[in-house]
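*Asks:* Here you go, work.pdb (PDB, C-alpha atoms):
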```pdb
ATOM      1  CA  MET E  31     -26.566  -3.228  -0.984
ATOM      2  CA  SER E  32     -23.825  -3.007  -3.620
ATOM      3  CA  ILE E  33     -20.207  -3.572  -2.622
ATOM      4  CA  GLU E  34     -19.528   0.161  -3.148
ATOM      5  CA  GLN E  35     -22.338   1.002  -0.747
ATOM      6  CA  PHE E  36     -21.047  -1.538   1.747
ATOM      7  CA  ILE E  37     -17.513  -0.074   1.621
ATOM      8  CA  GLU E  38     -18.788   3.491   1.774
ATOM      9  CA  ASN E  39     -20.884   2.630   4.798
ATOM     10  CA  GLU E  40     -17.949   0.940   6.563
ATOM     11  CA  VAL E  41     -15.513   3.817   6.032
ATOM     12  CA  LYS E  42     -18.081   6.463   6.964
ATOM     13  CA  THR E  43     -19.407   4.793  10.102
ATOM     14  CA  ASN E  44     -16.060   3.658  11.530
ATOM     15  CA  ASP E  45     -13.301   6.153  12.369
ATOM     16  CA  VAL E  46     -10.471   3.865  11.337
ATOM     17  CA  VAL E  47     -10.880   0.928   8.955
ATOM     18  CA  LEU E  48      -8.168  -1.419   7.726
ATOM     19  CA  PHE E  49      -8.891  -3.523   4.651
ATOM     20  CA  MET E  50      -6.517  -6.415   5.098
ATOM     21  CA  LYS E  51      -5.715 -10.043   4.421
ATOM     22  CA  GLY E  52      -6.638 -11.994   7.513
ATOM     23  CA  THR E  53      -7.752 -10.442  10.771
ATOM     24  CA  PRO E  54      -5.986  -8.129  13.247
ATOM     25  CA  GLN E  55      -5.488 -11.216  15.450
ATOM     26  CA  PHE E  56      -4.290 -13.400  12.555
ATOM     27  CA  PRO E  57      -2.945 -11.385   9.641
ATOM     28  CA  GLN E  58      -2.359 -13.658   6.653
ATOM     29  CA  CYS E  59       0.035 -11.394   4.798
ATOM     30  CA  GLY E  60       3.231  -9.710   5.970
ATOM     31  CA  PHE E  61       2.189  -6.322   4.627
ATOM     32  CA  SER E  62      -1.171  -6.415   6.409
ATOM     33  CA  GLY E  63       0.631  -7.630   9.531
ATOM     34  CA  GLN E  64       2.989  -4.642   9.487
ATOM     35  CA  VAL E  65       0.098  -2.187   9.438
ATOM     36  CA  VAL E  66      -1.644  -4.055  12.271
ATOM     37  CA  GLN E  67       1.536  -3.767  14.360
ATOM     38  CA  ILE E  68       1.797  -0.046  13.662
ATOM     39  CA  LEU E  69      -1.857   0.645  14.514
ATOM     40  CA  ASP E  70      -1.553  -1.387  17.704
ATOM     41  CA  HIS E  71       1.649   0.465  18.581
ATOM     42  CA  VAL E  72       0.078   3.913  18.195
ATOM     43  CA  GLY E  73      -2.856   2.629  20.215
ATOM     44  CA  VAL E  74      -5.704   3.475  17.877
ATOM     45  CA  GLY E  75      -8.886   1.432  17.766
ATOM     46  CA  TYR E  76      -9.822   0.217  14.301
ATOM     47  CA  LYS E  77     -12.023  -2.158  12.422
ATOM     48  CA  GLY E  78     -10.279  -4.808  10.353
ATOM     49  CA  LEU E  79     -12.092  -6.115   7.282
ATOM     50  CA  ASN E  80     -10.759  -9.357   5.869
ATOM     51  CA  VAL E  81     -10.754  -9.202   2.064
ATOM     52  CA  LEU E  82      -9.971 -12.916   1.872
ATOM     53  CA  GLU E  83     -13.506 -13.626   3.004
ATOM     54  CA  SER E  84     -15.029 -11.999  -0.038
ATOM     55  CA  ALA E  85     -13.790 -11.719  -3.612
ATOM     56  CA  ASP E  86     -16.334  -8.910  -4.057
ATOM     57  CA  LEU E  87     -14.774  -6.965  -1.212
ATOM     58  CA  ARG E  88     -11.246  -7.660  -2.411
ATOM     59  CA  ASP E  89     -11.980  -6.382  -5.915
ATOM     60  CA  GLY E  90     -14.398  -3.734  -4.693
ATOM     61  CA  ILE E  91     -11.933  -1.974  -2.408
ATOM     62  CA  LYS E  92      -9.300  -1.862  -5.162
ATOM     63  CA  THR E  93     -11.783  -0.104  -7.428
ATOM     64  CA  TYR E  94     -13.202   2.104  -4.671
ATOM     65  CA  SER E  95      -9.765   3.447  -3.739
ATOM     66  CA  ASN E  96      -8.237   3.168  -7.204
ATOM     67  CA  TRP E  97      -5.409   1.317  -5.466
ATOM     68  CA  PRO E  98      -4.240  -2.107  -6.652
ATOM     69  CA  THR E  99      -2.915  -3.634  -3.447
ATOM     70  CA  ILE E 100      -3.979  -4.652   0.060
ATOM     71  CA  PRO E 101      -3.740  -3.488   2.886
ATOM     72  CA  GLN E 102      -5.528  -0.152   2.680
ATOM     73  CA  LEU E 103      -6.144   2.199   5.596
ATOM     74  CA  TYR E 104      -9.058   4.612   5.876
ATOM     75  CA  VAL E 105      -9.380   7.303   8.545
ATOM     76  CA  LYS E 106     -12.659   9.200   8.834
ATOM     77  CA  GLY E 107     -13.719   8.123   5.373
ATOM     78  CA  GLU E 108     -10.454   9.183   3.772
ATOM     79  CA  PHE E 109      -7.944   6.849   2.115
ATOM     80  CA  VAL E 110      -4.559   7.238   3.824
ATOM     81  CA  GLY E 111      -2.461   4.644   2.036
ATOM     82  CA  GLY E 112      -1.067   1.140   1.885
ATOM     83  CA  CYS E 113       1.711  -0.546   3.818
ATOM     84  CA  ASP E 114       4.679   1.508   2.549
ATOM     85  CA  ILE E 115       2.917   4.824   3.079
ATOM     86  CA  ILE E 116       1.648   3.924   6.544
ATOM     87  CA  ARG E 117       5.120   2.776   7.596
ATOM     88  CA  GLU E 118       6.802   5.933   6.254
ATOM     89  CA  MET E 119       4.185   8.140   7.920
ATOM     90  CA  PHE E 120       4.591   6.261  11.198
ATOM     91  CA  GLN E 121       8.379   6.569  11.105
ATOM     92  CA  ALA E 122       8.092  10.302  10.419
ATOM     93  CA  GLY E 123       5.521  10.776  13.193
ATOM     94  CA  GLU E 124       2.981  11.913  10.604
ATOM     95  CA  LEU E 125       0.569   9.045  11.176
ATOM     96  CA  GLN E 126       0.284   9.895  14.860
ATOM     97  CA  SER E 127      -0.287  13.579  13.987
ATOM     98  CA  LEU E 128      -2.948  12.691  11.446
ATOM     99  CA  LEU E 129      -4.796  10.423  13.886
ATOM    100  CA  ALA E 130      -4.612  13.107  16.578
ATOM    101  CA  GLU E 131      -5.823  15.780  14.143
ATOM    102  CA  LYS E 132      -8.761  13.588  13.208
ATOM    103  CA  GLY E 133      -9.499  13.139  16.896
ATOM    104  CA  VAL E 134      -9.140   9.358  16.936
ATOM    105  CA  ILE E 135      -6.172   9.260  19.332
ATOM    106  CA  ALA E 136      -5.055  11.673  22.029
ATOM    107  CA  ALA E 137      -2.565  14.280  20.815
ATOM    108  CA  PRO E 138       1.025  13.095  21.332
ATOM    109  CA  ALA E 139       2.503  14.521  24.521
ATOM    110  CA  SER E 140       4.806  17.415  23.677
ATOM    111  CA  ALA E 141       8.373  17.064  24.846
TER     112      ALA E 141
ATOM    113  CA  MET W 124      12.782 -10.349 -20.723
ATOM    114  CA  THR W 125      12.350 -11.047 -17.012
ATOM    115  CA  MET W 126       9.647  -9.213 -15.070
ATOM    116  CA  LYS W 127      12.378  -7.348 -13.220
ATOM    117  CA  ASP W 128      13.818  -6.108 -16.526
ATOM    118  CA  ASN W 129      10.366  -5.223 -17.777
ATOM    119  CA  ILE W 130       9.569  -3.175 -14.658
ATOM    120  CA  THR W 131      12.992  -1.503 -14.792
ATOM    121  CA  LYS W 132      12.513  -0.569 -18.444
ATOM    122  CA  LYS W 133       9.032   0.885 -17.934
ATOM    123  CA  LEU W 134      10.087   2.940 -14.903
ATOM    124  CA  THR W 135      13.205   4.184 -16.669
ATOM    125  CA  GLU W 136      11.234   5.321 -19.717
ATOM    126  CA  ALA W 137       8.485   6.977 -17.692
ATOM    127  CA  PHE W 138      10.414   8.717 -14.933
ATOM    128  CA  ALA W 139      14.021   9.162 -16.121
ATOM    129  CA  PRO W 140      15.182   8.183 -12.627
ATOM    130  CA  LEU W 141      18.465   9.388 -11.136
ATOM    131  CA  SER W 142      18.614   6.085  -9.362
ATOM    132  CA  LEU W 143      16.519   2.978  -9.652
ATOM    133  CA  ASP W 144      16.720  -0.355  -7.911
ATOM    134  CA  VAL W 145      14.183  -3.058  -8.697
ATOM    135  CA  SER W 146      14.569  -6.254  -6.720
ATOM    136  CA  ASP W 147      12.673  -9.485  -7.092
ATOM    137  CA  GLU W 148      11.891 -10.618  -3.555
ATOM    138  CA  SER W 149       9.611 -13.448  -4.583
ATOM    139  CA  HIS W 150      11.866 -16.035  -2.961
ATOM    140  CA  LEU W 151      11.234 -14.392   0.419
ATOM    141  CA  HIS W 152       7.561 -15.186   0.035
ATOM    142  CA  ALA W 153       7.803 -18.858  -0.902
ATOM    143  CA  GLY W 154       4.762 -20.704   0.354
ATOM    144  CA  HIS W 155       3.028 -17.426   1.052
ATOM    145  CA  MET W 156      -0.219 -16.386  -0.565
ATOM    146  CA  GLY W 157       0.279 -14.999  -4.054
ATOM    147  CA  HIS W 158       3.531 -16.863  -4.496
ATOM    148  CA  ARG W 159       3.801 -19.129  -7.508
ATOM    149  CA  PRO W 160       6.516 -21.648  -8.341
ATOM    150  CA  GLU W 161       7.726 -19.605 -11.329
ATOM    151  CA  GLY W 162       8.424 -16.667  -9.005
ATOM    152  CA  GLU W 163       8.243 -13.037 -10.198
ATOM    153  CA  THR W 164       5.417 -12.203  -7.812
ATOM    154  CA  HIS W 165       6.918  -9.858  -5.202
ATOM    155  CA  PHE W 166       9.014  -6.829  -6.095
ATOM    156  CA  ARG W 167      10.600  -3.915  -4.280
ATOM    157  CA  VAL W 168      11.277  -0.659  -6.079
ATOM    158  CA  ASN W 169      13.492   2.162  -4.833
ATOM    159  CA  ILE W 170      13.345   5.034  -7.272
ATOM    160  CA  VAL W 171      14.625   8.593  -7.210
ATOM    161  CA  SER W 172      13.196  10.967  -9.779
ATOM    162  CA  GLU W 173      12.377  14.639 -10.272
ATOM    163  CA  ALA W 174       8.954  13.459 -11.409
ATOM    164  CA  PHE W 175       7.899  13.025  -7.770
ATOM    165  CA  GLU W 176       8.645  16.630  -6.810
ATOM    166  CA  GLY W 177       5.543  18.275  -5.347
ATOM    167  CA  LYS W 178       3.570  15.013  -5.364
ATOM    168  CA  SER W 179       2.026  13.447  -2.274
ATOM    169  CA  ARG W 180       2.929   9.942  -1.198
ATOM    170  CA  ILE W 181      -0.345   8.622  -2.565
ATOM    171  CA  ASP W 182       0.130  10.412  -5.891
ATOM    172  CA  ARG W 183       3.631   8.980  -6.295
ATOM    173  CA  HIS W 184       2.414   5.452  -5.677
ATOM    174  CA  ARG W 185      -0.486   5.992  -8.075
ATOM    175  CA  MET W 186       1.897   7.169 -10.824
ATOM    176  CA  ILE W 187       3.854   3.923 -10.508
ATOM    177  CA  ASN W 188       0.829   1.665  -9.982
ATOM    178  CA  GLU W 189      -0.830   3.067 -13.095
ATOM    179  CA  LEU W 190       2.308   2.566 -15.165
ATOM    180  CA  LEU W 191       2.472  -1.047 -13.971
ATOM    181  CA  ALA W 192      -1.290  -1.705 -13.974
ATOM    182  CA  ALA W 193      -1.016  -4.588 -16.440
ATOM    183  CA  GLU W 194       1.712  -6.277 -14.402
ATOM    184  CA  LEU W 195      -0.252  -5.826 -11.157
ATOM    185  CA  ALA W 196      -3.343  -7.276 -12.777
ATOM    186  CA  GLY W 197      -1.215 -10.207 -13.929
ATOM    187  CA  THR W 198       1.389 -12.161 -12.008
ATOM    188  CA  VAL W 199       2.802  -9.334  -9.879
ATOM    189  CA  HIS W 200       1.171  -9.768  -6.512
ATOM    190  CA  ALA W 201       3.025  -7.223  -4.398
ATOM    191  CA  LEU W 202       4.973  -4.076  -5.147
ATOM    192  CA  ALA W 203       6.749  -2.362  -2.285
ATOM    193  CA  LEU W 204       7.564   1.203  -3.331
ATOM    194  CA  LYS W 205       9.935   3.865  -2.118
ATOM    195  CA  PRO W 206       9.627   6.811  -4.493
ATOM    196  CA  GLN W 207      11.789   9.810  -3.562
ATOM    197  CA  THR W 208      12.789  13.110  -5.059
ATOM    198  CA  PRO W 209      16.519  13.830  -5.479
ATOM    199  CA  LYS W 210      16.258  16.294  -2.563
ATOM    200  CA  GLU W 211      14.775  13.679  -0.241
ATOM    201  CA  ALA W 212      17.278  11.048  -1.286
ATOM    202  CA  GLY W 213      20.027  13.538  -0.408
TER     203      GLY W 213
END
```
Starting from the file, give its structure as structure tokens.

*Replies:*
Amino acid sequence: MSIEQFIENEVKTNDVVLFMKGTPQFPQCGFSGQVVQILDHVGVGYKGLNVLESADLRDGIKTYSNWPTIPQLYVKGEFVGGCDIIREMFQAGELQSLLAEKGVIAAPASA
Amino acid sequence: MTMKDNITKKLTEAFAPLSLDVSDESHLHAGHMGHRPEGETHFRVNIVSEAFEGKSRIDRHRMINELLAAELAGTVHALALKPQTPKEAG
């Protein structure tokens, strides 16, 4: 399997995938750690893939997404963004709406 | 020219920003992965430009990442971006 096929398979068979440095339990980069905190806070299940374990994966995901930095979040096969974008979306409530729309978390309770 | 000046110059030429603040935060990442003793590895960019009008968050980041592709492939390890339109910046 090529690295593209591996990545494609991961993002298509898992609802939420975070390409990160380190693991959700032990992030090894502050930017990856921020996204882990946000995902944990909104209560969504996700698969973390540690790019530090594989140079192929680290380079492969940058090419696959046409995005030069890690972390990278995928929801239902779609690239959502890196740390800055995820944080801005979270602060605006847009991340929660997106995850609810995609059916991966319960819709936020209306006030 | 420092990396900060280089990034500032490229962004200024490409986006004619109304406001632009490039800060070198490499010292905050000393000892952290990607850090190197010479510094110039971690940058934060706040930029306000009409060029981002009508563009999604991802598109805005891509515009900047593509402009700075050579730097990102080189010593620049992290680029935190806050691209805004004049309307959003208020």

*Asks:* Determine the residue membership of the PyMOL selection byres ((chain W) within 9 of (chain E)) for the file above and supply it as a list of chain:residue names.

*Replies:*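 In the shown coordinates, the PyMOL selection byres ((chain W) within 9 of (chain E)) covers W:His155, W:Met156, W:Arg180, W:Ile181, W:His184, W:Arg185, W:Asn188, W:Glu189, W:Ala192, W:Leu195, W:Ala196, W:His200, W:Ala201, W:Leu202, W:Ala203, W:Leu204, W:Lys205.
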
*Asks:* Once the PyMOL selection byres ((chain W and resi 137-151) around 9) has been applied to the shown file, what residues remain in the selection, as JSON, numbers by chain?

*Replies:* {"W": [126, 127, 128, 130, 131, 132, 133, 134, 135, 136, 152, 153, 155, 158, 159, 162, 163, 164, 165, 166, 167, 168, 169, 170, 171, 172, 173, 174, 175, 190, 209]}

*Asks:* Could the residues in this selection be saved with C-alpha atoms as a PDB file, in the coordinates of the input?

*Replies:*
```pdb
ATOM      1  CA  MET W 126       9.647  -9.213 -15.070  1.00  0.00           C
ATOM      2  CA  LYS W 127      12.378  -7.348 -13.220  1.00  0.00           C
ATOM      3  CA  ASP W 128      13.818  -6.108 -16.526  1.00  0.00           C
ATOM      4  CA  ILE W 130       9.569  -3.175 -14.658  1.00  0.00           C
ATOM      5  CA  THR W 131      12.992  -1.503 -14.792  1.00  0.00           C
ATOM      6  CA  LYS W 132      12.513  -0.569 -18.444  1.00  0.00           C
ATOM      7  CA  LYS W 133       9.032   0.885 -17.934  1.00  0.00           C
ATOM      8  CA  LEU W 134      10.087   2.940 -14.903  1.00  0.00           C
ATOM      9  CA  THR W 135      13.205   4.184 -16.669  1.00  0.00           C
ATOM     10  CA  GLU W 136      11.234   5.321 -19.717  1.00  0.00           C
ATOM     11  CA  HIS W 152       7.561 -15.186   0.035  1.00  0.00           C
ATOM     12  CA  ALA W 153       7.803 -18.858  -0.902  1.00  0.00           C
ATOM     13  CA  HIS W 155       3.028 -17.426   1.052  1.00  0.00           C
ATOM     14  CA  HIS W 158       3.531 -16.863  -4.496  1.00  0.00           C
ATOM     15  CA  ARG W 159       3.801 -19.129  -7.508  1.00  0.00           C
ATOM     16  CA  GLY W 162       8.424 -16.667  -9.005  1.00  0.00           C
ATOM     17  CA  GLU W 163       8.243 -13.037 -10.198  1.00  0.00           C
ATOM     18  CA  THR W 164       5.417 -12.203  -7.812  1.00  0.00           C
ATOM     19  CA  HIS W 165       6.918  -9.858  -5.202  1.00  0.00           C
ATOM     20  CA  PHE W 166       9.014  -6.829  -6.095  1.00  0.00           C
ATOM     21  CA  ARG W 167      10.600  -3.915  -4.280  1.00  0.00           C
ATOM     22  CA  VAL W 168      11.277  -0.659  -6.079  1.00  0.00           C
ATOM     23  CA  ASN W 169      13.492   2.162  -4.833  1.00  0.00           C
ATOM     24  CA  ILE W 170      13.345   5.034  -7.272  1.00  0.00           C
ATOM     25  CA  VAL W 171      14.625   8.593  -7.210  1.00  0.00           C
ATOM     26  CA  SER W 172      13.196  10.967  -9.779  1.00  0.00           C
ATOM     27  CA  GLU W 173      12.377  14.639 -10.272  1.00  0.00           C
ATOM     28  CA  ALA W 174       8.954  13.459 -11.409  1.00  0.00           C
ATOM     29  CA  PHE W 175       7.899  13.025  -7.770  1.00  0.00           C
ATOM     30  CA  LEU W 190       2.308   2.566 -15.165  1.00  0.00           C
ATOM     31  CA  PRO W 209      16.519  13.830  -5.479  1.00  0.00           C
TER      32      PRO W 209
END
```

*Asks:* What lies within 10 Å of Gly107 of chain E using only C-alpha atoms, ignoring chain neighbours under 6 positions off, as a VMD selection string?

*Replies:* chain E and resid 37 to 47

*Asks:* Taking the file as I've supplied it (selection: the PyMOL selection byres ((chain E and resi 78) around 7)), which residues are included? Please answer as a list in words.

*Replies:*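 Here the PyMOL selection byres ((chain E and resi 78) around 7) matches Val47, Leu48, Phe49, Met50, Thr53, Pro54, Tyr76, Lys77, Leu79 and Asn80 of chain E.
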
*Asks:* Can those selected residues be exported to a file as a short mmCIF file (atom, residue, chain, number, x, y, z; two decimals), keeping the file's coordinate frame so that it contains C-alpha atoms?

*Replies:*
```cif
data_model
loop_
_atom_site.label_atom_id
_atom_site.label_comp_id
_atom_site.auth_asym_id
_atom_site.auth_seq_id
_atom_site.Cartn_x
_atom_site.Cartn_y
_atom_site.Cartn_z
CA VAL E 47 -10.88 0.93 8.96
CA LEU E 48 -8.17 -1.42 7.73
CA PHE E 49 -8.89 -3.52 4.65
CA MET E 50 -6.52 -6.42 5.10
CA THR E 53 -7.75 -10.44 10.77
CA PRO E 54 -5.99 -8.13 13.25
CA TYR E 76 -9.82 0.22 14.30
CA LYS E 77 -12.02 -2.16 12.42
CA LEU E 79 -12.09 -6.12 7.28
CA ASN E 80 -10.76 -9.36 5.87
#
```

*Asks:* Can you tell me how far atom CA of Leu69 of chain E sits from atom CA of Leu191 of chain W, in Å to one decimal?

*Replies:*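 Computed distance, atom CA of Leu69 of chain E to atom CA of Leu191 of chain W, equals 28.9 Å.
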
*Asks:* For atom CA of Glu211 of chain W and atom CA of Met186 of chain W, quote the distance in Å rounded to one decimal.

*Replies:*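 Separation between atom CA of Glu211 of chain W and atom CA of Met186 of chain W: 17.9 Å.
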
*Asks:* Excluding Leu125 of chain E and residues on its chain fewer than 2 positions from it, collect all residues at most 12 Å away from it, counting all atoms listed in the file, and give them as a ChimeraX atom specification.

*Replies:* /E:65,68-69,71-74,103-105,110-111,115-123,127-132,134-135,137-138

*Asks:* Is it possible to get the residues within 7 Å of (7.9, 11.5, -3.2) (coordinates as in the file, counting all atoms listed in the file) written as a list in words?

*Replies:*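 Residues with an atom close enough to that point: Phe175, Glu176, Lys178, Ser179, Arg180, Arg183, Pro206, Gln207 and Thr208 of chain W.
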
*Asks:* Atom CA of Val66 of chain E and atom CA of Glu194 of chain W, how far apart in Å?

*Replies:*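 Those two atoms sit 27.0 Å apart.
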
*Asks:* Taking all atoms listed in the file into account, which of E:Gln102, E:Asp70, E:Gly75, E:Gly133 comes nearest Arg88 of chain E?

*Replies:*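 The closest residue to Arg88 of chain E is E:Gln102.
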